[in-house]
$ cat protein-v8.pdb   # PDB, C-alpha atoms
ATOM      1  CA  MET W   1      -0.022 -41.919 -17.384
ATOM      2  CA  ARG W   2      -0.189 -38.854 -15.155
ATOM      3  CA  THR W   3      -1.343 -41.001 -12.263
ATOM      4  CA  LEU W   4       1.607 -43.344 -12.811
ATOM      5  CA  ILE W   5       4.134 -40.474 -12.770
ATOM      6  CA  LEU W   6       2.553 -39.113  -9.637
ATOM      7  CA  PHE W   7       2.674 -42.562  -8.047
ATOM      8  CA  VAL W   8       6.392 -43.033  -8.881
ATOM      9  CA  ALA W   9       7.186 -39.519  -7.649
ATOM     10  CA  LEU W  10       5.410 -40.199  -4.368
ATOM     11  CA  LEU W  11       7.264 -43.494  -3.996
ATOM     12  CA  LEU W  12      10.626 -41.798  -4.579
ATOM     13  CA  PHE W  13       9.737 -39.012  -2.136
ATOM     14  CA  GLY W  14       8.720 -41.558   0.480
ATOM     15  CA  SER W  15      11.913 -43.584   0.181
ATOM     16  CA  THR W  16      14.074 -40.430   0.360
ATOM     17  CA  ILE W  17      12.297 -39.355   3.533
ATOM     18  CA  SER W  18      12.760 -42.780   5.139
ATOM     19  CA  THR W  19      16.487 -42.822   4.218
ATOM     20  CA  LEU W  20      16.888 -39.359   5.690
ATOM     21  CA  SER W  21      15.140 -40.254   8.915
ATOM     22  CA  ALA W  22      17.424 -43.293   9.410
ATOM     23  CA  GLN W  23      20.388 -40.912   9.404
ATOM     24  CA  THR W  24      18.738 -38.286  11.552
ATOM     25  CA  THR W  25      20.405 -37.709  14.870
ATOM     26  CA  GLY W  26      17.895 -38.404  17.593
ATOM     27  CA  LEU W  27      17.083 -40.464  20.623
ATOM     28  CA  GLU W  28      14.792 -43.127  19.246
ATOM     29  CA  PRO W  29      15.764 -46.574  17.939
ATOM     30  CA  GLY W  30      16.766 -46.128  14.289
ATOM     31  CA  ASN W  31      18.194 -42.640  14.899
ATOM     32  CA  LYS W  32      21.874 -41.831  14.895
ATOM     33  CA  ALA W  33      23.010 -41.399  18.519
ATOM     34  CA  PRO W  34      24.179 -37.843  19.282
ATOM     35  CA  GLU W  35      27.948 -37.431  19.493
ATOM     36  CA  ILE W  36      29.596 -37.317  22.936
ATOM     37  CA  LYS W  37      33.128 -35.976  23.433
ATOM     38  CA  LEU W  38      34.242 -35.974  27.059
ATOM     39  CA  PRO W  39      37.477 -36.369  29.000
ATOM     40  CA  THR W  40      38.658 -39.611  30.582
ATOM     41  CA  LEU W  41      40.314 -39.835  34.013
ATOM     42  CA  LYS W  42      43.663 -39.059  32.397
ATOM     43  CA  GLY W  43      42.222 -35.959  30.752
ATOM     44  CA  ASP W  44      42.339 -37.050  27.122
ATOM     45  CA  THR W  45      39.072 -36.780  25.204
ATOM     46  CA  VAL W  46      37.382 -39.858  23.778
ATOM     47  CA  ALA W  47      34.603 -39.310  21.244
ATOM     48  CA  LEU W  48      31.778 -41.822  21.011
ATOM     49  CA  SER W  49      32.162 -41.758  17.216
ATOM     50  CA  THR W  50      35.677 -43.261  17.460
ATOM     51  CA  LEU W  51      34.021 -46.552  18.509
ATOM     52  CA  LYS W  52      32.504 -46.912  15.054
ATOM     53  CA  GLY W  53      32.360 -50.537  13.960
ATOM     54  CA  LYS W  54      31.579 -51.923  17.429
ATOM     55  CA  LEU W  55      28.377 -52.630  19.307
ATOM     56  CA  VAL W  56      28.449 -49.995  22.073
ATOM     57  CA  LEU W  57      26.554 -49.611  25.323
ATOM     58  CA  ILE W  58      26.503 -45.977  26.454
ATOM     59  CA  ASP W  59      26.077 -46.264  30.226
ATOM     60  CA  PHE W  60      25.069 -43.082  32.068
ATOM     61  CA  TRP W  61      25.792 -43.479  35.758
ATOM     62  CA  GLY W  62      27.280 -41.873  38.877
ATOM     63  CA  THR W  63      28.935 -43.131  42.048
ATOM     64  CA  TRP W  64      26.132 -41.375  43.989
ATOM     65  CA  CYS W  65      23.468 -43.482  42.227
ATOM     66  CA  SER W  66      23.063 -46.763  44.118
ATOM     67  CA  PRO W  67      21.305 -48.788  41.382
ATOM     68  CA  CYS W  68      24.023 -47.635  38.924
ATOM     69  CA  VAL W  69      26.756 -48.783  41.280
ATOM     70  CA  GLN W  70      25.048 -52.141  41.744
ATOM     71  CA  GLU W  71      24.821 -52.554  37.978
ATOM     72  CA  GLN W  72      28.564 -52.113  37.372
ATOM     73  CA  SER W  73      29.426 -55.719  38.321
ATOM     74  CA  GLU W  74      26.817 -56.915  35.845
ATOM     75  CA  LEU W  75      28.344 -54.687  33.153
ATOM     76  CA  ALA W  76      31.777 -56.159  33.933
ATOM     77  CA  LYS W  77      30.437 -59.661  33.290
ATOM     78  CA  LEU W  78      28.838 -58.607  29.986
ATOM     79  CA  TYR W  79      32.003 -56.785  28.949
ATOM     80  CA  ARG W  80      34.172 -59.853  29.505
ATOM     81  CA  LYS W  81      31.668 -62.126  27.783
ATOM     82  CA  TYR W  82      31.029 -60.064  24.650
ATOM     83  CA  LYS W  83      34.123 -57.879  24.259
ATOM     84  CA  LEU W  84      35.468 -59.882  21.322
ATOM     85  CA  ALA W  85      32.173 -61.234  19.992
ATOM     86  CA  ALA W  86      31.019 -60.688  16.423
ATOM     87  CA  PHE W  87      27.683 -58.998  15.951
ATOM     88  CA  THR W  88      25.454 -58.650  12.919
ATOM     89  CA  ASN W  89      26.157 -54.927  12.858
ATOM     90  CA  GLY W  90      29.454 -54.533  14.658
ATOM     91  CA  LYS W  91      32.623 -56.380  15.563
ATOM     92  CA  GLY W  92      33.349 -56.435  19.266
ATOM     93  CA  PHE W  93      31.482 -54.927  22.216
ATOM     94  CA  GLU W  94      32.490 -51.758  24.059
ATOM     95  CA  ILE W  95      31.038 -49.869  27.003
ATOM     96  CA  TYR W  96      31.221 -46.065  26.998
ATOM     97  CA  GLY W  97      30.586 -45.079  30.604
ATOM     98  CA  VAL W  98      29.477 -41.492  31.124
ATOM     99  CA  SER W  99      29.585 -40.493  34.790
ATOM    100  CA  LEU W 100      27.481 -37.673  36.211
ATOM    101  CA  ASP W 101      29.775 -37.414  39.212
ATOM    102  CA  VAL W 102      30.919 -34.121  40.690
ATOM    103  CA  LYS W 103      34.121 -35.023  42.498
ATOM    104  CA  LYS W 104      36.884 -36.567  40.441
ATOM    105  CA  SER W 105      38.161 -38.430  43.514
ATOM    106  CA  ASN W 106      34.855 -40.318  43.960
ATOM    107  CA  TRP W 107      34.805 -41.262  40.302
ATOM    108  CA  GLU W 108      38.470 -42.268  40.245
ATOM    109  CA  ASN W 109      38.316 -44.296  43.471
ATOM    110  CA  PHE W 110      35.322 -46.266  42.281
ATOM    111  CA  ILE W 111      36.912 -47.089  38.923
ATOM    112  CA  ASN W 112      40.179 -48.156  40.532
ATOM    113  CA  THR W 113      38.621 -50.138  43.381
ATOM    114  CA  ASN W 114      36.309 -51.998  41.033
ATOM    115  CA  LYS W 115      38.964 -52.367  38.311
ATOM    116  CA  ILE W 116      36.649 -51.008  35.616
ATOM    117  CA  ASP W 117      38.524 -51.440  32.359
ATOM    118  CA  TRP W 118      36.082 -50.068  29.782
ATOM    119  CA  ILE W 119      35.993 -46.463  28.588
ATOM    120  CA  GLN W 120      35.011 -43.946  31.260
ATOM    121  CA  VAL W 121      34.387 -40.268  30.586
ATOM    122  CA  SER W 122      32.936 -37.365  32.571
ATOM    123  CA  ASP W 123      32.773 -33.577  32.642
ATOM    124  CA  LEU W 124      32.077 -33.803  36.415
ATOM    125  CA  LYS W 125      29.031 -31.561  36.053
ATOM    126  CA  PHE W 126      26.406 -33.725  37.761
ATOM    127  CA  TRP W 127      22.911 -33.028  36.360
ATOM    128  CA  ARG W 128      24.219 -29.829  34.736
ATOM    129  CA  SER W 129      26.228 -31.852  32.220
ATOM    130  CA  PRO W 130      25.203 -30.840  28.682
ATOM    131  CA  VAL W 131      25.150 -34.522  27.775
ATOM    132  CA  ALA W 132      22.249 -35.098  30.240
ATOM    133  CA  LYS W 133      20.300 -32.551  28.222
ATOM    134  CA  THR W 134      21.370 -33.894  24.809
ATOM    135  CA  TYR W 135      20.262 -37.398  25.768
ATOM    136  CA  ASN W 136      17.160 -36.099  27.581
ATOM    137  CA  ILE W 137      18.011 -38.207  30.623
ATOM    138  CA  GLN W 138      15.137 -38.371  33.103
ATOM    139  CA  GLY W 139      16.924 -40.421  35.744
ATOM    140  CA  LEU W 140      19.806 -42.793  36.394
ATOM    141  CA  PRO W 141      20.719 -45.480  35.551
ATOM    142  CA  PHE W 142      20.124 -44.900  31.854
ATOM    143  CA  ASN W 143      21.742 -46.560  28.863
ATOM    144  CA  VAL W 144      21.636 -46.647  25.084
ATOM    145  CA  LEU W 145      22.748 -49.548  22.886
ATOM    146  CA  ILE W 146      24.117 -48.532  19.480
ATOM    147  CA  ASP W 147      25.389 -50.518  16.511
ATOM    148  CA  GLY W 148      28.600 -50.214  14.497
ATOM    149  CA  ASN W 149      27.166 -47.264  12.601
ATOM    150  CA  GLY W 150      26.146 -45.407  15.734
ATOM    151  CA  ILE W 151      22.455 -46.163  15.167
ATOM    152  CA  ILE W 152      20.362 -46.621  18.310
ATOM    153  CA  LEU W 153      19.186 -50.214  18.740
ATOM    154  CA  ALA W 154      17.591 -49.994  22.193
ATOM    155  CA  LYS W 155      17.319 -47.777  25.254
ATOM    156  CA  ASN W 156      17.333 -48.341  28.996
ATOM    157  CA  LEU W 157      17.795 -52.100  29.112
ATOM    158  CA  HIS W 158      18.669 -53.501  32.523
ATOM    159  CA  GLY W 159      19.112 -56.897  34.153
ATOM    160  CA  ILE W 160      18.236 -59.875  31.995
ATOM    161  CA  ASP W 161      16.837 -57.560  29.288
ATOM    162  CA  LEU W 162      20.265 -56.003  28.807
ATOM    163  CA  GLU W 163      22.005 -59.302  28.136
ATOM    164  CA  LYS W 164      19.130 -60.416  25.891
ATOM    165  CA  GLY W 165      19.348 -57.073  24.064
ATOM    166  CA  ILE W 166      23.054 -57.583  23.364
ATOM    167  CA  ALA W 167      22.807 -61.295  22.545
ATOM    168  CA  ARG W 168      20.031 -60.582  20.037
ATOM    169  CA  PHE W 169      22.597 -58.982  17.742
ATOM    170  CA  LEU W 170      25.206 -61.768  17.939
ATOM    171  CA  HIS W 171      26.368 -62.883  14.540
ATOM    172  CA  LYS W 172      25.025 -66.363  13.858
ATOM    173  CA  GLU W 173      27.268 -68.661  11.853
TER     174      GLU W 173
ATOM    175  CA  MET S 174     -18.520 -69.124  38.825
ATOM    176  CA  LYS S 175     -17.537 -69.771  42.449
ATOM    177  CA  THR S 176     -13.866 -70.063  41.397
ATOM    178  CA  LYS S 177     -14.071 -66.743  39.558
ATOM    179  CA  ILE S 178     -15.453 -64.998  42.633
ATOM    180  CA  LEU S 179     -12.754 -66.586  44.775
ATOM    181  CA  ILE S 180     -10.010 -65.413  42.398
ATOM    182  CA  PHE S 181     -11.495 -61.912  42.355
ATOM    183  CA  LEU S 182     -11.672 -61.820  46.153
ATOM    184  CA  PHE S 183      -8.090 -63.038  46.438
ATOM    185  CA  PHE S 184      -6.792 -60.242  44.194
ATOM    186  CA  ALA S 185      -8.941 -57.616  45.898
ATOM    187  CA  VAL S 186      -7.610 -58.551  49.327
ATOM    188  CA  ALA S 187      -4.019 -58.865  48.080
ATOM    189  CA  THR S 188      -4.154 -55.420  46.418
ATOM    190  CA  SER S 189      -5.598 -53.702  49.478
ATOM    191  CA  LEU S 190      -3.022 -55.352  51.763
ATOM    192  CA  PHE S 191      -0.206 -54.254  49.465
ATOM    193  CA  ALA S 192      -1.516 -50.682  49.323
ATOM    194  CA  THR S 193      -1.811 -50.437  53.117
ATOM    195  CA  LYS S 194       1.709 -51.769  53.542
ATOM    196  CA  GLU S 195       3.201 -49.216  51.141
ATOM    197  CA  VAL S 196       1.501 -46.238  52.809
ATOM    198  CA  SER S 197       2.620 -47.247  56.279
ATOM    199  CA  ALA S 198       6.209 -47.893  55.124
ATOM    200  CA  GLN S 199       6.456 -44.408  53.637
ATOM    201  CA  GLY S 200       4.809 -42.807  56.648
ATOM    202  CA  GLN S 201       7.279 -44.426  59.015
ATOM    203  CA  SER S 202      10.474 -43.738  57.153
ATOM    204  CA  ASP S 203       9.980 -40.119  56.068
ATOM    205  CA  PRO S 204      10.840 -37.477  58.683
ATOM    206  CA  TRP S 205       8.627 -34.847  57.036
ATOM    207  CA  THR S 206       4.945 -34.118  56.524
ATOM    208  CA  PRO S 207       3.298 -33.451  53.138
ATOM    209  CA  GLN S 208       2.933 -29.798  54.268
ATOM    210  CA  GLN S 209       6.718 -29.544  54.538
ATOM    211  CA  LEU S 210       7.206 -30.228  50.824
ATOM    212  CA  LEU S 211       7.852 -27.047  48.854
ATOM    213  CA  ALA S 212       6.886 -26.967  45.166
ATOM    214  CA  PRO S 213       9.825 -25.988  42.899
ATOM    215  CA  ALA S 214       7.625 -23.427  41.123
ATOM    216  CA  ASP S 215       6.984 -21.671  44.458
ATOM    217  CA  LEU S 216      10.694 -21.461  45.328
ATOM    218  CA  ALA S 217      11.541 -20.273  41.796
ATOM    219  CA  LYS S 218       8.931 -17.503  42.158
ATOM    220  CA  VAL S 219      10.483 -16.316  45.426
ATOM    221  CA  LEU S 220      14.062 -16.456  44.062
ATOM    222  CA  ASN S 221      12.998 -14.475  40.999
ATOM    223  CA  ASN S 222      11.481 -11.765  43.168
ATOM    224  CA  PRO S 223      14.198  -9.963  45.180
ATOM    225  CA  LYS S 224      11.513  -8.024  47.076
ATOM    226  CA  SER S 225      10.095 -11.195  48.570
ATOM    227  CA  PRO S 226      11.741 -12.457  51.807
ATOM    228  CA  GLN S 227      14.426 -14.959  50.773
ATOM    229  CA  PRO S 228      14.735 -18.316  52.526
ATOM    230  CA  LEU S 229      18.099 -19.871  53.349
ATOM    231  CA  VAL S 230      18.516 -22.632  50.788
ATOM    232  CA  PHE S 231      20.935 -25.474  51.570
ATOM    233  CA  SER S 232      22.151 -27.976  48.993
ATOM    234  CA  ILE S 233      22.565 -31.149  51.026
ATOM    235  CA  GLY S 234      23.440 -33.288  47.979
ATOM    236  CA  MET S 235      26.137 -33.499  45.330
ATOM    237  CA  GLN S 236      26.115 -29.971  43.953
ATOM    238  CA  ALA S 237      24.513 -26.575  44.645
ATOM    239  CA  VAL S 238      22.597 -26.245  41.389
ATOM    240  CA  ILE S 239      20.012 -23.698  42.598
ATOM    241  CA  LYS S 240      20.717 -19.978  42.593
ATOM    242  CA  GLY S 241      21.887 -18.638  45.931
ATOM    243  CA  SER S 242      21.992 -22.030  47.643
ATOM    244  CA  VAL S 243      24.697 -22.912  50.162
ATOM    245  CA  ASP S 244      26.750 -25.977  49.196
ATOM    246  CA  ILE S 245      26.948 -28.297  52.226
ATOM    247  CA  GLY S 246      27.764 -31.477  50.293
ATOM    248  CA  PRO S 247      26.009 -34.834  50.648
ATOM    249  CA  VAL S 248      24.909 -35.096  54.289
ATOM    250  CA  MET S 249      25.013 -38.889  54.149
ATOM    251  CA  VAL S 250      28.687 -38.143  54.898
ATOM    252  CA  PRO S 251      28.906 -37.445  58.694
ATOM    253  CA  ASP S 252      31.359 -34.534  58.215
ATOM    254  CA  ASN S 253      28.888 -32.754  55.940
ATOM    255  CA  LEU S 254      26.006 -33.386  58.326
ATOM    256  CA  ASN S 255      28.147 -31.787  61.041
ATOM    257  CA  THR S 256      28.790 -28.770  58.811
ATOM    258  CA  LEU S 257      25.033 -28.392  58.350
ATOM    259  CA  LYS S 258      24.509 -28.720  62.109
ATOM    260  CA  GLN S 259      27.041 -25.943  62.768
ATOM    261  CA  LYS S 260      25.473 -23.605  60.202
ATOM    262  CA  LEU S 261      21.997 -24.276  61.573
ATOM    263  CA  GLY S 262      23.234 -23.681  65.117
ATOM    264  CA  LYS S 263      23.772 -20.004  64.275
ATOM    265  CA  LEU S 264      20.176 -19.485  63.091
ATOM    266  CA  GLN S 265      16.960 -18.517  64.847
ATOM    267  CA  LYS S 266      14.590 -21.462  65.340
ATOM    268  CA  ASN S 267      11.963 -19.749  63.194
ATOM    269  CA  ALA S 268      14.354 -19.043  60.267
ATOM    270  CA  GLN S 269      12.935 -19.813  56.846
ATOM    271  CA  ILE S 270      14.972 -22.810  55.624
ATOM    272  CA  VAL S 271      14.779 -24.927  52.463
ATOM    273  CA  VAL S 272      16.883 -28.052  51.821
ATOM    274  CA  TYR S 273      17.273 -30.019  48.595
ATOM    275  CA  CYS S 274      19.350 -32.822  47.105
ATOM    276  CA  GLY S 275      17.879 -33.797  43.711
ATOM    277  CA  CYS S 276      20.168 -36.698  42.835
ATOM    278  CA  CYS S 277      17.329 -39.197  42.652
ATOM    279  CA  PRO S 278      13.717 -39.794  43.752
ATOM    280  CA  PHE S 279      13.220 -39.447  47.558
ATOM    281  CA  SER S 280      12.772 -43.220  47.875
ATOM    282  CA  ARG S 281      16.415 -43.680  46.857
ATOM    283  CA  CYS S 282      18.002 -40.453  48.086
ATOM    284  CA  PRO S 283      20.525 -41.009  50.907
ATOM    285  CA  ASN S 284      20.629 -37.307  51.895
ATOM    286  CA  VAL S 285      17.122 -35.917  52.403
ATOM    287  CA  ARG S 286      16.298 -38.010  55.484
ATOM    288  CA  PRO S 287      19.380 -37.136  57.582
ATOM    289  CA  ALA S 288      18.898 -33.415  56.784
ATOM    290  CA  MET S 289      15.177 -33.332  57.586
ATOM    291  CA  ALA S 290      15.689 -35.429  60.727
ATOM    292  CA  LEU S 291      18.363 -32.977  61.914
ATOM    293  CA  LEU S 292      16.085 -29.971  61.348
ATOM    294  CA  LYS S 293      13.349 -31.721  63.295
ATOM    295  CA  ASP S 294      15.703 -32.676  66.145
ATOM    296  CA  MET S 295      17.017 -29.112  66.373
ATOM    297  CA  ARG S 296      13.392 -27.952  66.724
ATOM    298  CA  PHE S 297      13.268 -25.606  63.770
ATOM    299  CA  THR S 298       9.752 -24.427  63.066
ATOM    300  CA  ASN S 299       9.838 -23.093  59.514
ATOM    301  CA  TYR S 300      11.736 -25.506  57.255
ATOM    302  CA  LYS S 301      10.831 -27.177  53.986
ATOM    303  CA  LEU S 302      12.105 -29.919  51.707
ATOM    304  CA  LEU S 303      12.151 -28.923  48.056
ATOM    305  CA  ASN S 304       9.885 -31.369  46.264
ATOM    306  CA  LEU S 305      12.013 -32.765  43.438
ATOM    307  CA  PRO S 306      10.173 -36.040  42.719
ATOM    308  CA  GLN S 307      12.560 -37.199  39.972
ATOM    309  CA  ASN S 308      15.748 -35.157  40.280
ATOM    310  CA  VAL S 309      17.078 -31.605  40.089
ATOM    311  CA  LYS S 310      17.469 -31.830  36.305
ATOM    312  CA  VAL S 311      13.910 -32.814  35.423
ATOM    313  CA  ASP S 312      12.215 -30.826  38.193
ATOM    314  CA  TRP S 313      14.399 -27.690  38.230
ATOM    315  CA  ILE S 314      16.980 -27.306  35.427
ATOM    316  CA  ASP S 315      14.634 -28.413  32.610
ATOM    317  CA  LYS S 316      11.954 -26.001  33.878
ATOM    318  CA  GLY S 317      14.295 -23.058  33.400
ATOM    319  CA  TYR S 318      14.256 -22.104  37.092
ATOM    320  CA  PRO S 319      17.113 -19.897  38.418
ATOM    321  CA  MET S 320      20.482 -21.610  38.578
ATOM    322  CA  ALA S 321      23.712 -21.002  40.459
ATOM    323  CA  GLU S 322      26.444 -19.360  38.381
TER     324      GLU S 322
END
$ encode --input "protein-v8.pdb" --output "structure tokens"
Amino acid sequence: MRTLILFVALLLFGSTISTLSAQTTGLEPGNKAPEIKLPTLKGDTVALSTLKGKLVLIDFWGTWCSPCVQEQSELAKLYRKYKLAAFTNGKGFEIYGVSLDVKKSNWENFINTNKIDWIQVSDLKFWRSPVAKTYNIQGLPFNVLIDGNGIILAKNLHGIDLEKGIARFLHKE
Amino acid sequence: MKTKILIFLFFAVATSLFATKEVSAQGQSDPWTPQQLLAPADLAKVLNNPKSPQPLVFSIGMQAVIKGSVDIGPVMVPDNLNTLKQKLGKLQKNAQIVVYCGCCPFSRCPNVRPAMALLKDMRFTNYKLLNLPQNVKVDWIDKGYPMAE
């Protein structure tokens, strides 16, 4: 009897721990992505958490980073293709672009010239941006894919892996 | 058995060819010697010790992140390269100079080569490139080295 109680207690303890860890804010798949609140070009703040309910790609980039710049046209294609798609854990696809630029003019010109129409935020602090520390970014480009509950699904997917990573979560009829 | 040996030989030759090619490509494109790379820890030590002779540190990239460094701006932009040229023109040829960018690894950085080439062309004798293999965040900020205000 005592063994049984101990067994049940251990089971309960284990399940509580696993539930807790799923809600823990962190940087690994299964963790809740840390909140980001940064200004857009117009100066109003957009919080990552306001995108709840959608599949979101957090794209860390900068106009000074050539592979990031090259990737933007690919992101535009994905955005158009999946913007209104239904996913198993989110309705619609959004990109939350976080720029590590320094000069607002560089950032603004690039967005306007390339007609980037997804969310763009920046504190214009280059590598000193607190968000680079929060997300432990080691280099650019870097991205994080999160579900409708803000839970990290994958990190640093590029090229064909990025599209595959998004398509994997499409809702199947 | 013969096929196995052939396959092994093929890979061995291919690998060695590839390695040789990479070394020569780097050697040709980089206007600096391994001796001209300055370890971040060594610069941090000097900056933290006011009694030690201080080098002139130029940020030739996006932002002057390092304490005391002069913000030139990205020297891939000709105007900024000219600014650097003018500032260098006022210095002795044996002045102790350090340049850094830190946006990205050297292989992708558009700024370190023009700056180091300029220093070489102007015949400076005591200049270094700060060795930030990944970027200024990983190799300087995250290490807790001294930062600009």
$ resolve_selection --input "protein-v8.pdb" --expression "the PyMOL selection byres ((chain W) within 9 of (chain S))" --output "PyMOL selection string"
chain W and resi 64-67+101-103+125-128+132-133+137-140
$ write_last_selection --input "protein-v8.pdb" --atoms "C-alpha atoms" --output "PDB file, in the coordinates of the input"
ATOM      1  CA  TRP W  64      26.132 -41.375  43.989  1.00  0.00           C
ATOM      2  CA  CYS W  65      23.468 -43.482  42.227  1.00  0.00           C
ATOM      3  CA  SER W  66      23.063 -46.763  44.118  1.00  0.00           C
ATOM      4  CA  PRO W  67      21.305 -48.788  41.382  1.00  0.00           C
ATOM      5  CA  ASP W 101      29.775 -37.414  39.212  1.00  0.00           C
ATOM      6  CA  VAL W 102      30.919 -34.121  40.690  1.00  0.00           C
ATOM      7  CA  LYS W 103      34.121 -35.023  42.498  1.00  0.00           C
ATOM      8  CA  LYS W 125      29.031 -31.561  36.053  1.00  0.00           C
ATOM      9  CA  PHE W 126      26.406 -33.725  37.761  1.00  0.00           C
ATOM     10  CA  TRP W 127      22.911 -33.028  36.360  1.00  0.00           C
ATOM     11  CA  ARG W 128      24.219 -29.829  34.736  1.00  0.00           C
ATOM     12  CA  ALA W 132      22.249 -35.098  30.240  1.00  0.00           C
ATOM     13  CA  LYS W 133      20.300 -32.551  28.222  1.00  0.00           C
ATOM     14  CA  ILE W 137      18.011 -38.207  30.623  1.00  0.00           C
ATOM     15  CA  GLN W 138      15.137 -38.371  33.103  1.00  0.00           C
ATOM     16  CA  GLY W 139      16.924 -40.421  35.744  1.00  0.00           C
ATOM     17  CA  LEU W 140      19.806 -42.793  36.394  1.00  0.00           C
TER      18      LEU W 140
END
$ residues_around --input "protein-v8.pdb" --residues "Ile58 of chain W" --least-positions-apart "5" --cutoff "7 Å" --atoms "all atoms listed in the file" --output "CSV table (one decimal) with C-alpha atoms, in the frame of the given file"
chain,number,residue,atom,x,y,z
W,95,ILE,CA,31.0,-49.9,27.0
W,96,TYR,CA,31.2,-46.1,27.0
W,97,GLY,CA,30.6,-45.1,30.6
W,143,ASN,CA,21.7,-46.6,28.9
W,144,VAL,CA,21.6,-46.6,25.1
W,145,LEU,CA,22.7,-49.5,22.9
$ closest_residue --input "protein-v8.pdb" --among "W:Leu170, W:Ile151, W:Val46, W:Leu84" --to "Val121 of chain W" --atoms "only C-alpha atoms"
W:Val46
$ resolve_selection --input "protein-v8.pdb" --expression "the PyMOL selection byres ((chain S and resi 258-270) around 10)" --output "number ranges by chain"
S: 226-231, 245, 252-257, 271-272, 288, 291-292, 295-302
$ atom_distance --input "protein-v8.pdb" --atom1 "atom CA of Lys104 of chain W" --atom2 "atom CA of Asp59 of chain W"
17.8 Å
$ resolve_selection --input "protein-v8.pdb" --expression "the PyMOL selection byres ((chain W and resi 83) around 7)" --output "list in words"
Tyr79, Arg80, Lys81, Tyr82, Leu84, Ala85, Gly92, Phe93 and Glu94 of chain W
